[in-house]
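Asker: Right, I'll just put the structure down here and ask away after.
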Amino acid sequence: MTLDELRALIAVLDTGSFQAAAARLACPRPTVRRRVAALEQSASVALLERTPTGATPTAAGRRLAARARIVLDEADGLLRVAREADPADAVSGVLSVSLVCGLPPFFLAQLFRVLRGLFPRLRFQV
């Protein structure tokens, strides 16, 4: 079972069809069908009743979808936590700076002081 398989199932349930789910997920319809079929094979049970006009969930599909939504919300939350990490931690290394003649030295000192406050792991080379 993969997150992509769970997303495919939820998209089909939310939209009512494989075609609309494919549009929502920005992937081909056969890919959505394969992902749902793989999930059904993993679960050893039919999750959807397929009709000529779309798909509806079976009882097992409804139960799995309820838990899948929780899992997907948690997975998305993990990504948000990673993205919202302190940007200061992401900036490290050496910043090499060349000076233009006539630039007041106090300007560079002020700049370094501000940058060091924002990015404590950053080192400077002049």
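Ordering of the structure tokens sets the chain letters (A, B, ...), residue numbers begin anew at 1 in every chain, and ligands are numbered from 1 in the order given.
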List the neighbours of region 5-22 of chain A out to 9 Å using only C-alpha atoms; skip same-chain residues closer than 4 positions along the sequence, and give me the result as a ChimeraX atom specification.
Answerer: /A:1,26-39,47-48,50,53-57,61-62,64-65,68-69,71-72
Asker: Can you list every residue in chain A that DSSP puts in helix (DSSP H, G or I), as number ranges by chain?
Answerer: A: 3-15, 18-25, 29-43, 59-83, 87-90, 105-118
Asker: Go ahead and save the picked residues with C-alpha atoms, as a short mmCIF file (atom, residue, chain, number, x, y, z; two decimals), in the first residue's frame.
Answerer:
data_model
loop_
_atom_site.label_atom_id
_atom_site.label_comp_id
_atom_site.auth_asym_id
_atom_site.auth_seq_id
_atom_site.Cartn_x
_atom_site.Cartn_y
_atom_site.Cartn_z
CA LEU A 3 0.33 6.97 -0.45
CA ASP A 4 -0.24 7.31 -4.21
CA GLU A 5 -2.64 4.35 -4.10
CA LEU A 6 -4.52 5.92 -1.20
CA ARG A 7 -4.65 9.27 -3.01
CA ALA A 8 -6.05 7.55 -6.10
CA LEU A 9 -8.81 5.87 -4.10
CA ILE A 10 -9.76 9.11 -2.34
CA ALA A 11 -9.77 11.02 -5.64
CA VAL A 12 -12.11 8.45 -7.22
CA LEU A 13 -14.41 8.56 -4.21
CA ASP A 14 -14.42 12.37 -4.10
CA THR A 15 -15.03 12.81 -7.81
CA PHE A 18 -11.69 7.46 -12.65
CA GLN A 19 -11.57 10.12 -15.36
CA ALA A 20 -12.27 12.99 -12.97
CA ALA A 21 -9.84 11.50 -10.43
CA ALA A 22 -7.15 11.38 -13.12
CA ALA A 23 -7.75 15.05 -13.90
CA ARG A 24 -7.54 15.96 -10.22
CA LEU A 25 -4.31 13.99 -9.76
CA ARG A 29 -6.70 7.40 -16.10
CA PRO A 30 -5.01 3.98 -16.51
CA THR A 31 -2.56 4.98 -13.77
CA VAL A 32 -5.43 5.77 -11.40
CA ARG A 33 -7.05 2.43 -12.27
CA ARG A 34 -3.79 0.56 -11.65
CA ARG A 35 -3.26 2.26 -8.29
CA VAL A 36 -6.76 1.45 -7.09
CA ALA A 37 -6.44 -2.13 -8.34
CA ALA A 38 -3.11 -2.51 -6.52
CA LEU A 39 -4.72 -1.21 -3.33
CA GLU A 40 -7.61 -3.65 -3.74
CA GLN A 41 -5.13 -6.47 -4.26
CA SER A 42 -3.21 -5.47 -1.11
CA ALA A 43 -6.45 -5.32 0.88
CA ALA A 59 -18.49 -1.00 2.62
CA ALA A 60 -14.80 -1.92 2.79
CA GLY A 61 -13.97 1.02 0.54
CA ARG A 62 -15.77 3.44 2.87
CA ARG A 63 -13.97 2.07 5.92
CA LEU A 64 -10.57 2.14 4.25
CA ALA A 65 -11.18 5.63 2.84
CA ALA A 66 -11.99 7.03 6.28
CA ARG A 67 -8.62 5.82 7.61
CA ALA A 68 -6.83 6.75 4.36
CA ARG A 69 -7.91 10.37 4.77
CA ILE A 70 -6.33 10.42 8.23
CA VAL A 71 -3.12 8.85 6.92
CA LEU A 72 -2.92 11.30 4.01
CA ASP A 73 -3.57 14.29 6.29
CA GLU A 74 -0.77 13.11 8.58
CA ALA A 75 1.60 12.56 5.64
CA ASP A 76 0.86 16.05 4.33
CA GLY A 77 1.42 17.37 7.86
CA LEU A 78 4.85 15.76 7.93
CA LEU A 79 5.78 17.57 4.74
CA ARG A 80 4.51 20.88 6.15
CA VAL A 81 6.63 20.41 9.26
CA ALA A 82 9.69 19.84 7.12
CA ARG A 83 8.96 22.88 4.94
CA PRO A 87 15.09 28.65 7.58
CA ALA A 88 18.17 29.65 9.56
CA ASP A 89 19.00 25.97 9.94
CA ALA A 90 18.91 25.51 6.18
CA PRO A 105 33.84 49.15 5.90
CA PHE A 106 31.13 49.81 8.48
CA PHE A 107 28.51 48.91 5.84
CA LEU A 108 29.96 45.42 5.47
CA ALA A 109 30.29 45.00 9.25
CA GLN A 110 26.61 45.89 9.68
CA LEU A 111 25.62 43.49 6.90
CA PHE A 112 27.63 40.65 8.46
CA ARG A 113 26.12 41.35 11.88
CA VAL A 114 22.57 41.13 10.47
CA LEU A 115 23.32 38.00 8.44
CA ARG A 116 25.02 36.31 11.41
CA GLY A 117 21.92 37.01 13.49
CA LEU A 118 19.64 35.49 10.85
#
Asker: Please compute the CA of Pro120 (chain A)-CA of Leu95 (chain A) distance, one decimal, in Å.
Answerer: 12.2 Å
Asker: Run DSSP on the backbone of this structure and report the residues of region 8-76 of chain A it assigns to strand (DSSP E), as a list in words.
Answerer: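 Reading the DSSP output for region 8-76 of chain A, strand (DSSP E) covers Leu48, Glu49, Arg50, Thr51, Gly54, Ala55, Thr56 and Pro57 of chain A.
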Asker: Which value, in Å to one decimal, gives the distance between CA of Gln125 (chain A) and CA of Val91 (chain A)?
Answerer: 15.4 Å
